[in-house]
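final.cif follows (mmCIF, C-alpha atoms):
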data_protein
#
loop_
_atom_site.label_atom_id
_atom_site.label_comp_id
_atom_site.auth_asym_id
_atom_site.auth_seq_id
_atom_site.Cartn_x
_atom_site.Cartn_y
_atom_site.Cartn_z
CA GLU A 565 -18.14 -8.45 0.50
CA VAL A 566 -14.39 -8.59 0.94
CA GLN A 567 -13.27 -7.53 4.40
CA LEU A 568 -9.87 -7.36 6.07
CA VAL A 569 -9.90 -6.53 9.77
CA GLU A 570 -6.65 -5.95 11.64
CA SER A 571 -6.26 -6.30 15.39
CA GLY A 572 -3.57 -6.52 18.05
CA GLY A 573 -2.06 -3.03 17.94
CA GLY A 574 -1.41 -0.65 20.80
CA LEU A 575 1.42 0.76 22.89
CA VAL A 576 4.56 -1.34 23.39
CA GLN A 577 7.96 -0.61 24.89
CA PRO A 578 11.10 -0.59 22.75
CA GLY A 579 12.67 -4.03 22.50
CA ARG A 580 9.42 -5.85 23.22
CA SER A 581 7.23 -7.91 20.88
CA MET A 582 3.76 -7.62 19.45
CA LYS A 583 1.66 -9.78 17.14
CA LEU A 584 -0.84 -8.37 14.69
CA SER A 585 -3.69 -10.35 13.16
CA CYS A 586 -5.79 -9.74 10.08
CA ALA A 587 -9.07 -11.61 9.70
CA ALA A 588 -10.15 -12.01 6.09
CA SER A 589 -13.63 -12.73 4.79
CA GLY A 590 -15.62 -12.53 1.57
CA PHE A 591 -13.04 -14.28 -0.62
CA THR A 592 -11.02 -17.49 -0.79
CA PHE A 593 -8.09 -16.48 1.39
CA SER A 594 -5.74 -19.19 0.14
CA ASP A 595 -6.07 -17.90 -3.45
CA TYR A 596 -4.15 -14.70 -2.69
CA TYR A 597 -0.69 -13.58 -1.75
CA MET A 598 -1.07 -11.25 1.21
CA ALA A 599 0.98 -8.35 2.47
CA TRP A 600 1.55 -5.98 5.36
CA VAL A 601 2.15 -2.31 4.60
CA ARG A 602 2.80 0.39 7.19
CA GLN A 603 2.57 4.15 7.36
CA ALA A 604 4.38 6.18 9.97
CA PRO A 605 2.50 9.27 11.21
CA LYS A 606 2.24 11.85 8.42
CA LYS A 607 4.56 9.78 6.22
CA GLY A 608 4.29 7.64 3.12
CA LEU A 609 3.55 3.97 2.63
CA GLU A 610 6.19 1.33 3.27
CA TRP A 611 5.93 -2.32 2.29
CA VAL A 612 6.71 -4.55 5.28
CA ALA A 613 6.25 -8.15 4.20
CA SER A 614 4.48 -10.49 1.78
CA ILE A 615 3.53 -14.16 1.92
CA SER A 616 2.65 -16.72 -0.72
CA TYR A 617 -0.61 -18.64 -1.00
CA GLU A 618 0.27 -21.50 1.33
CA GLY A 619 2.83 -19.57 3.35
CA SER A 620 5.83 -21.44 2.02
CA SER A 621 7.48 -18.26 0.72
CA THR A 622 7.89 -15.03 2.65
CA TYR A 623 9.48 -11.72 1.70
CA TYR A 624 10.50 -8.76 3.83
CA GLY A 625 11.48 -5.14 3.52
CA ASP A 626 15.04 -4.36 4.57
CA SER A 627 13.96 -2.35 7.62
CA VAL A 628 12.21 -5.32 9.27
CA LYS A 629 14.18 -8.30 7.97
CA GLY A 630 15.26 -10.55 10.84
CA ARG A 631 12.86 -8.91 13.32
CA PHE A 632 9.39 -9.43 11.83
CA THR A 633 7.74 -12.68 10.70
CA ILE A 634 4.71 -12.89 8.43
CA SER A 635 2.57 -16.01 8.54
CA ARG A 636 -0.91 -17.19 7.69
CA ASP A 637 -3.49 -19.74 8.72
CA ASN A 638 -5.62 -20.52 5.68
CA ALA A 639 -8.03 -22.65 7.73
CA LYS A 640 -8.81 -19.55 9.79
CA SER A 641 -8.46 -17.08 6.89
CA THR A 642 -6.10 -15.07 9.04
CA LEU A 643 -2.83 -13.28 8.34
CA TYR A 644 -0.31 -12.54 11.07
CA LEU A 645 2.67 -10.30 11.68
CA GLN A 646 4.95 -11.17 14.59
CA MET A 647 7.05 -8.15 15.44
CA ASN A 648 10.10 -8.61 17.68
CA SER A 649 12.78 -6.21 18.93
CA LEU A 650 10.50 -3.26 18.26
CA ARG A 651 12.01 0.18 17.77
CA SER A 652 10.56 3.67 17.92
CA GLU A 653 10.82 3.86 14.14
CA ASP A 654 8.36 0.96 13.88
CA THR A 655 5.62 3.29 15.15
CA ALA A 656 3.03 3.33 12.38
CA THR A 657 -0.39 2.30 11.21
CA TYR A 658 -0.12 -1.24 9.91
CA TYR A 659 -2.38 -2.31 7.06
CA CYS A 660 -2.97 -5.81 5.78
CA ALA A 661 -3.80 -6.02 2.10
CA ARG A 662 -4.15 -8.43 -0.72
CA ARG A 663 -0.84 -8.25 -2.57
CA THR A 664 -2.76 -7.14 -5.67
CA GLY A 665 -3.58 -3.97 -3.74
CA ASP A 666 -7.30 -4.09 -4.47
CA TYR A 667 -8.40 -4.58 -0.87
CA TRP A 668 -6.94 -3.15 2.32
CA GLY A 669 -7.91 -3.32 5.96
CA GLN A 670 -8.69 -0.19 7.95
CA GLY A 671 -5.32 -0.32 9.66
CA VAL A 672 -4.14 -0.78 13.24
CA MET A 673 -1.89 1.62 15.11
CA VAL A 674 1.32 0.41 16.74
CA THR A 675 3.15 2.84 19.01
CA VAL A 676 6.61 1.92 20.25
CA SER A 677 7.52 4.11 23.19
CA SER A 678 8.75 3.86 26.75
CA ASP B 1068 15.72 -2.80 -4.91
CA ILE B 1069 13.53 -0.71 -7.20
CA GLN B 1070 13.11 2.93 -6.17
CA MET B 1071 10.08 4.99 -7.18
CA THR B 1072 10.53 8.75 -7.57
CA GLN B 1073 7.19 10.52 -7.50
CA SER B 1074 6.56 14.15 -8.48
CA PRO B 1075 5.40 16.66 -7.57
CA SER B 1076 5.15 16.17 -3.82
CA PHE B 1077 2.52 18.89 -3.58
CA LEU B 1078 0.02 20.12 -6.15
CA SER B 1079 -2.55 22.88 -5.99
CA ALA B 1080 -5.08 23.13 -8.83
CA SER B 1081 -8.51 24.54 -9.58
CA VAL B 1082 -11.73 22.61 -10.04
CA GLY B 1083 -11.93 21.51 -13.66
CA ASP B 1084 -8.17 21.53 -14.20
CA ARG B 1085 -6.31 18.67 -15.80
CA VAL B 1086 -3.83 17.27 -13.28
CA THR B 1087 -0.89 14.94 -13.85
CA ILE B 1088 1.27 13.10 -11.33
CA ASN B 1089 4.42 11.31 -12.35
CA CYS B 1090 6.40 8.32 -11.11
CA LYS B 1091 9.79 7.25 -12.33
CA ALA B 1092 11.16 3.81 -11.50
CA SER B 1093 14.86 3.14 -11.05
CA GLN B 1094 14.55 0.31 -13.58
CA ASN B 1095 12.02 -1.14 -16.02
CA ILE B 1096 8.94 -2.31 -14.09
CA ASN B 1097 7.12 -3.77 -17.12
CA LYS B 1098 3.92 -1.80 -16.47
CA TYR B 1099 3.44 -3.47 -13.08
CA LEU B 1100 2.21 -0.25 -11.50
CA ASN B 1101 -0.72 0.70 -9.30
CA TRP B 1102 -2.01 4.14 -8.35
CA TYR B 1103 -3.72 4.76 -5.01
CA GLN B 1104 -5.74 7.57 -3.50
CA GLN B 1105 -5.60 8.10 0.25
CA LYS B 1106 -7.91 10.51 2.01
CA LEU B 1107 -7.19 11.73 5.53
CA GLY B 1108 -7.70 8.99 8.10
CA GLU B 1109 -8.52 6.33 5.53
CA ALA B 1110 -6.76 3.33 4.04
CA PRO B 1111 -5.38 3.68 0.52
CA LYS B 1112 -7.81 2.96 -2.30
CA ARG B 1113 -6.59 1.51 -5.59
CA LEU B 1114 -7.53 3.66 -8.57
CA ILE B 1115 -5.49 2.15 -11.40
CA TYR B 1116 -3.79 -1.21 -11.82
CA ASN B 1117 -1.42 -2.59 -14.45
CA THR B 1118 -0.57 1.00 -15.41
CA ASN B 1119 -3.80 1.85 -17.18
CA SER B 1120 -6.69 -0.37 -15.98
CA LEU B 1121 -9.37 1.52 -14.09
CA GLN B 1122 -10.53 -0.06 -10.85
CA THR B 1123 -14.25 -0.83 -10.80
CA GLY B 1124 -16.24 2.06 -9.39
CA ILE B 1125 -13.56 4.69 -9.96
CA PRO B 1126 -14.66 7.69 -12.07
CA SER B 1127 -13.44 7.76 -15.64
CA ARG B 1128 -11.73 11.13 -15.12
CA PHE B 1129 -8.88 9.09 -13.63
CA SER B 1130 -6.51 7.45 -16.08
CA GLY B 1131 -3.02 6.00 -16.11
CA SER B 1132 -0.33 5.65 -18.73
CA GLY B 1133 3.31 4.80 -19.13
CA SER B 1134 5.83 2.10 -19.82
CA GLY B 1135 9.37 1.15 -18.96
CA THR B 1136 10.41 3.45 -16.14
CA ASP B 1137 8.00 6.38 -16.57
CA TYR B 1138 4.36 6.44 -15.49
CA THR B 1139 1.63 9.05 -15.17
CA LEU B 1140 -1.69 9.42 -13.35
CA THR B 1141 -4.03 11.94 -14.96
CA ILE B 1142 -7.19 13.48 -13.56
CA SER B 1143 -8.92 14.99 -16.58
CA SER B 1144 -11.16 17.41 -14.70
CA LEU B 1145 -10.36 17.94 -11.03
CA GLN B 1146 -13.29 17.68 -8.62
CA PRO B 1147 -13.46 18.82 -4.97
CA GLU B 1148 -13.71 15.22 -3.77
CA ASP B 1149 -10.33 14.45 -5.36
CA VAL B 1150 -8.50 16.23 -2.54
CA ALA B 1151 -6.22 13.48 -1.22
CA THR B 1152 -2.70 12.11 -1.32
CA TYR B 1153 -1.84 9.93 -4.30
CA PHE B 1154 0.76 7.16 -4.35
CA CYS B 1155 2.23 5.03 -7.07
CA GLN B 1156 3.37 1.47 -6.33
CA GLN B 1157 5.44 -0.96 -8.39
CA TYR B 1158 4.98 -4.70 -8.05
CA ASN B 1159 7.47 -5.93 -10.63
CA SER B 1160 9.85 -6.85 -7.83
CA TRP B 1161 8.55 -6.98 -4.26
CA LEU B 1162 6.58 -3.80 -3.60
CA THR B 1163 7.76 -0.19 -3.55
CA PHE B 1164 5.72 2.96 -3.14
CA GLY B 1165 6.34 6.46 -4.37
CA SER B 1166 6.63 9.18 -1.73
CA GLY B 1167 3.18 10.60 -2.44
CA THR B 1168 1.59 13.70 -3.99
CA LYS B 1169 -0.66 15.83 -1.83
CA LEU B 1170 -3.36 17.36 -3.99
CA GLU B 1171 -5.38 20.35 -2.91
CA ILE B 1172 -7.94 22.64 -4.51
CA LYS B 1173 -6.76 26.17 -5.24
#
Is it possible to express this structure as structure tokens?
Amino acid sequence: EVQLVESGGGLVQPGRSMKLSCAASGFTFSDYYMAWVRQAPKKGLEWVASISYEGSSTYYGDSVKGRFTISRDNAKSTLYLQMNSLRSEDTATYYCARRTGDYWGQGVMVTVSS
Amino acid sequence: DIQMTQSPSFLSASVGDRVTINCKASQNINKYLNWYQQKLGEAPKRLIYNTNSLQTGIPSRFSGSGSGTDYTLTISSLQPEDVATYFCQQYNSWLTFGSGTKLEIK
């Protein structure tokens, strides 16, 4: 059974950093592009970042470019999102997903507030 | 960047009704389009991929169509369990989502 389990969310002050993790199981992790998607409270879905199979190519949405870094460890079947210089508008539920969109994690809440 | 314009933003229909939701891309997305259903408090669930391929386990009352810039999700006979928000998503270039359609039962 495919599972994606995010962790690392919580409350963080503006300007600080936070790192999210997504543990994958039930499939060959290195065979898939992966992505982070977020959803602000009562809002729509916003693509955050994507990463290629081996991590050599990364892609970012305009709102996070230069502040967020997506990475992966295929040996650990884990996806990461390093979030720096956090802003209140980054408050959202963050989902990891296979880029194909067929499997998503349950999401982790990140709240940026003083 | 490709923009996705989804309509309507809100839809109220009766059980058994045929329901359609539309997405228009700002440029040709070559049928690289997914449709998702999101129920309150849950992660999105993919219903349709590649415009018209039904995800395994999804009821056949859901279908997708379209080409070029215009795409449609159809529910042939609305059921109470279909109450949710529906999103389209293009993956021709990066990823972009539509703004969502909240569907309720009249």
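Across the structure, CA of Ser571 in chain A and CA of Tyr623 in chain A are spaced 21.6 Å apart.
Residues matching the PyMOL selection byres ((chain A) within 10 of (chain B)) in this structure come to Ala599, Val601, Gln603, Lys606, Lys607, Gly608, Leu609, Glu610, Trp611, Val612, Ala613, Ser614, Tyr623, Tyr624, Gly625, Asp626, Thr657, Tyr658, Tyr659, Ala661, Arg663, Thr664, Gly665, Asp666, Tyr667, Trp668, Gly669, Gln670 and Gly671 of chain A.
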Residue with smallest distance to Gly1131 in chain B - pool B:Ser1143, B:Thr1118, B:Ser1081, B:Ser1160, counting only C-alpha atoms: B:Thr1118
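If only C-alpha atoms are the atoms counted, then among A:Glu618, A:Glu570, A:Asp654, A:Glu565 the closest residue to Ser594 in chain A is A:Glu618.
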Residues matched by the PyMOL selection byres ((chain B and resi 1084-1093) around 6) as a VMD selection string: chain B and resid 1069 to 1074 1081 to 1083 1094 1136 to 1145
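From CA of Tyr596 in chain A back to CA of Ser581 in chain A, the distance works out to 27.0 Å.
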Output check: residues returned by the PyMOL selection byres ((chain A and resi 656) around 6), as a PyMOL selection string: chain A and resi 602-604+655+657+673-674
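Distances here use only C-alpha atoms; by that measure, the residue among B:Gln1105, B:Ser1076, B:Asn1097, B:Asn1119 closest to Gln1157 in chain B is B:Asn1097.
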Test item: which residues lie within 12 Å of (11.1, -11.1, 12.6) counting all atoms listed in the file, as a PyMOL selection string: chain A and resi 580-583+612-613+622-635+644-650
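Atom pair CA of Gly573 in chain A / CA of Thr675 in chain A has a distance of 7.9 Å (rounded to one decimal).
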Exercise: Thr592 in chain A partners within 12 Å, all atoms listed in the file, chain neighbours under 5 positions left out, as a PyMOL selection string: chain A and resi 565-567+597-598+617+638-642+662
Which residue of B:Ala1151, B:Gln1104, B:Ile1096, B:Pro1075 approaches Gly1133 in chain B most closely, using all atoms listed in the file: B:Ile1096
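For the set B:Asp1149, B:Lys1098, B:Asn1159, B:Lys1106, the residue with the smallest atom-to-atom gap to Ser1079 in chain B is B:Asp1149, counting all atoms listed in the file.
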Can you patch up range 1123-1155 of chain B, filling it in to N, CA and C atoms, and show the result as a PDB file, in the coordinates of the input?
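Once written, out-v5.pdb looks like this:
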ATOM      1  N   THR B1123     -12.795  -0.919 -10.775  1.00  0.00           N
ATOM      2  CA  THR B1123     -14.250  -0.830 -10.800  1.00  0.00           C
ATOM      3  C   THR B1123     -14.751   0.200  -9.801  1.00  0.00           C
ATOM      4  N   GLY B1124     -15.646   1.071 -10.271  1.00  0.00           N
ATOM      5  CA  GLY B1124     -16.240   2.060  -9.390  1.00  0.00           C
ATOM      6  C   GLY B1124     -15.512   3.383  -9.329  1.00  0.00           C
ATOM      7  N   ILE B1125     -14.340   3.446  -9.958  1.00  0.00           N
ATOM      8  CA  ILE B1125     -13.560   4.690  -9.960  1.00  0.00           C
ATOM      9  C   ILE B1125     -13.987   5.539 -11.160  1.00  0.00           C
ATOM     10  N   PRO B1126     -14.202   6.836 -10.962  1.00  0.00           N
ATOM     11  CA  PRO B1126     -14.660   7.690 -12.070  1.00  0.00           C
ATOM     12  C   PRO B1126     -13.694   7.692 -13.249  1.00  0.00           C
ATOM     13  N   SER B1127     -14.242   7.836 -14.418  1.00  0.00           N
ATOM     14  CA  SER B1127     -13.440   7.760 -15.640  1.00  0.00           C
ATOM     15  C   SER B1127     -12.538   8.974 -15.842  1.00  0.00           C
ATOM     16  N   ARG B1128     -12.669   9.985 -15.008  1.00  0.00           N
ATOM     17  CA  ARG B1128     -11.730  11.130 -15.120  1.00  0.00           C
ATOM     18  C   ARG B1128     -10.318  10.730 -14.669  1.00  0.00           C
ATOM     19  N   PHE B1129     -10.188   9.595 -13.996  1.00  0.00           N
ATOM     20  CA  PHE B1129      -8.880   9.090 -13.630  1.00  0.00           C
ATOM     21  C   PHE B1129      -8.361   8.156 -14.730  1.00  0.00           C
ATOM     22  N   SER B1130      -7.113   8.334 -15.105  1.00  0.00           N
ATOM     23  CA  SER B1130      -6.510   7.450 -16.080  1.00  0.00           C
ATOM     24  C   SER B1130      -5.016   7.318 -15.806  1.00  0.00           C
ATOM     25  N   GLY B1131      -4.447   6.232 -16.297  1.00  0.00           N
ATOM     26  CA  GLY B1131      -3.020   6.000 -16.110  1.00  0.00           C
ATOM     27  C   GLY B1131      -2.364   5.652 -17.434  1.00  0.00           C
ATOM     28  N   SER B1132      -1.080   5.965 -17.520  1.00  0.00           N
ATOM     29  CA  SER B1132      -0.330   5.650 -18.730  1.00  0.00           C
ATOM     30  C   SER B1132       1.127   5.442 -18.366  1.00  0.00           C
ATOM     31  N   GLY B1133       1.876   4.955 -19.346  1.00  0.00           N
ATOM     32  CA  GLY B1133       3.310   4.800 -19.130  1.00  0.00           C
ATOM     33  C   GLY B1133       3.834   3.461 -19.569  1.00  0.00           C
ATOM     34  N   SER B1134       5.149   3.349 -19.500  1.00  0.00           N
ATOM     35  CA  SER B1134       5.830   2.100 -19.820  1.00  0.00           C
ATOM     36  C   SER B1134       7.273   2.225 -19.357  1.00  0.00           C
ATOM     37  N   GLY B1135       7.963   1.108 -19.346  1.00  0.00           N
ATOM     38  CA  GLY B1135       9.370   1.150 -18.960  1.00  0.00           C
ATOM     39  C   GLY B1135       9.566   1.666 -17.549  1.00  0.00           C
ATOM     40  N   THR B1136      10.136   2.856 -17.450  1.00  0.00           N
ATOM     41  CA  THR B1136      10.410   3.450 -16.140  1.00  0.00           C
ATOM     42  C   THR B1136       9.530   4.650 -15.811  1.00  0.00           C
ATOM     43  N   ASP B1137       8.746   5.129 -16.759  1.00  0.00           N
ATOM     44  CA  ASP B1137       8.000   6.380 -16.570  1.00  0.00           C
ATOM     45  C   ASP B1137       6.488   6.193 -16.662  1.00  0.00           C
ATOM     46  N   TYR B1138       5.789   6.666 -15.622  1.00  0.00           N
ATOM     47  CA  TYR B1138       4.360   6.440 -15.490  1.00  0.00           C
ATOM     48  C   TYR B1138       3.656   7.710 -15.026  1.00  0.00           C
ATOM     49  N   THR B1139       2.383   7.833 -15.438  1.00  0.00           N
ATOM     50  CA  THR B1139       1.630   9.050 -15.170  1.00  0.00           C
ATOM     51  C   THR B1139       0.197   8.722 -14.756  1.00  0.00           C
ATOM     52  N   LEU B1140      -0.263   9.424 -13.725  1.00  0.00           N
ATOM     53  CA  LEU B1140      -1.690   9.420 -13.350  1.00  0.00           C
ATOM     54  C   LEU B1140      -2.256  10.755 -13.803  1.00  0.00           C
ATOM     55  N   THR B1141      -3.384  10.719 -14.496  1.00  0.00           N
ATOM     56  CA  THR B1141      -4.030  11.940 -14.960  1.00  0.00           C
ATOM     57  C   THR B1141      -5.453  12.004 -14.415  1.00  0.00           C
ATOM     58  N   ILE B1142      -5.801  13.176 -13.909  1.00  0.00           N
ATOM     59  CA  ILE B1142      -7.190  13.480 -13.560  1.00  0.00           C
ATOM     60  C   ILE B1142      -7.634  14.498 -14.599  1.00  0.00           C
ATOM     61  N   SER B1143      -8.597  14.146 -15.416  1.00  0.00           N
ATOM     62  CA  SER B1143      -8.920  14.990 -16.580  1.00  0.00           C
ATOM     63  C   SER B1143      -9.631  16.275 -16.189  1.00  0.00           C
ATOM     64  N   SER B1144     -10.429  16.233 -15.139  1.00  0.00           N
ATOM     65  CA  SER B1144     -11.160  17.410 -14.700  1.00  0.00           C
ATOM     66  C   SER B1144     -11.301  17.329 -13.185  1.00  0.00           C
ATOM     67  N   LEU B1145     -10.465  18.051 -12.488  1.00  0.00           N
ATOM     68  CA  LEU B1145     -10.360  17.940 -11.030  1.00  0.00           C
ATOM     69  C   LEU B1145     -11.684  18.298 -10.352  1.00  0.00           C
ATOM     70  N   GLN B1146     -12.077  17.454  -9.408  1.00  0.00           N
ATOM     71  CA  GLN B1146     -13.290  17.680  -8.620  1.00  0.00           C
ATOM     72  C   GLN B1146     -12.929  17.885  -7.147  1.00  0.00           C
ATOM     73  N   PRO B1147     -13.781  18.563  -6.396  1.00  0.00           N
ATOM     74  CA  PRO B1147     -13.460  18.820  -4.970  1.00  0.00           C
ATOM     75  C   PRO B1147     -13.198  17.548  -4.176  1.00  0.00           C
ATOM     76  N   GLU B1148     -13.883  16.477  -4.515  1.00  0.00           N
ATOM     77  CA  GLU B1148     -13.710  15.220  -3.770  1.00  0.00           C
ATOM     78  C   GLU B1148     -12.393  14.516  -4.091  1.00  0.00           C
ATOM     79  N   ASP B1149     -11.616  15.051  -5.017  1.00  0.00           N
ATOM     80  CA  ASP B1149     -10.330  14.450  -5.360  1.00  0.00           C
ATOM     81  C   ASP B1149      -9.204  14.915  -4.438  1.00  0.00           C
ATOM     82  N   VAL B1150      -9.511  15.796  -3.513  1.00  0.00           N
ATOM     83  CA  VAL B1150      -8.500  16.230  -2.540  1.00  0.00           C
ATOM     84  C   VAL B1150      -8.051  15.003  -1.739  1.00  0.00           C
ATOM     85  N   ALA B1151      -6.761  14.712  -1.815  1.00  0.00           N
ATOM     86  CA  ALA B1151      -6.220  13.480  -1.220  1.00  0.00           C
ATOM     87  C   ALA B1151      -4.726  13.454  -1.486  1.00  0.00           C
ATOM     88  N   THR B1152      -4.083  12.405  -0.961  1.00  0.00           N
ATOM     89  CA  THR B1152      -2.700  12.110  -1.320  1.00  0.00           C
ATOM     90  C   THR B1152      -2.696  10.904  -2.239  1.00  0.00           C
ATOM     91  N   TYR B1153      -1.899  10.985  -3.287  1.00  0.00           N
ATOM     92  CA  TYR B1153      -1.840   9.930  -4.300  1.00  0.00           C
ATOM     93  C   TYR B1153      -0.463   9.271  -4.273  1.00  0.00           C
ATOM     94  N   PHE B1154      -0.479   7.938  -4.363  1.00  0.00           N
ATOM     95  CA  PHE B1154       0.760   7.160  -4.350  1.00  0.00           C
ATOM     96  C   PHE B1154       0.820   6.238  -5.554  1.00  0.00           C
ATOM     97  N   CYS B1155       2.017   6.099  -6.110  1.00  0.00           N
ATOM     98  CA  CYS B1155       2.230   5.030  -7.070  1.00  0.00           C
ATOM     99  C   CYS B1155       2.875   3.851  -6.343  1.00  0.00           C
TER     100      CYS B1155
END
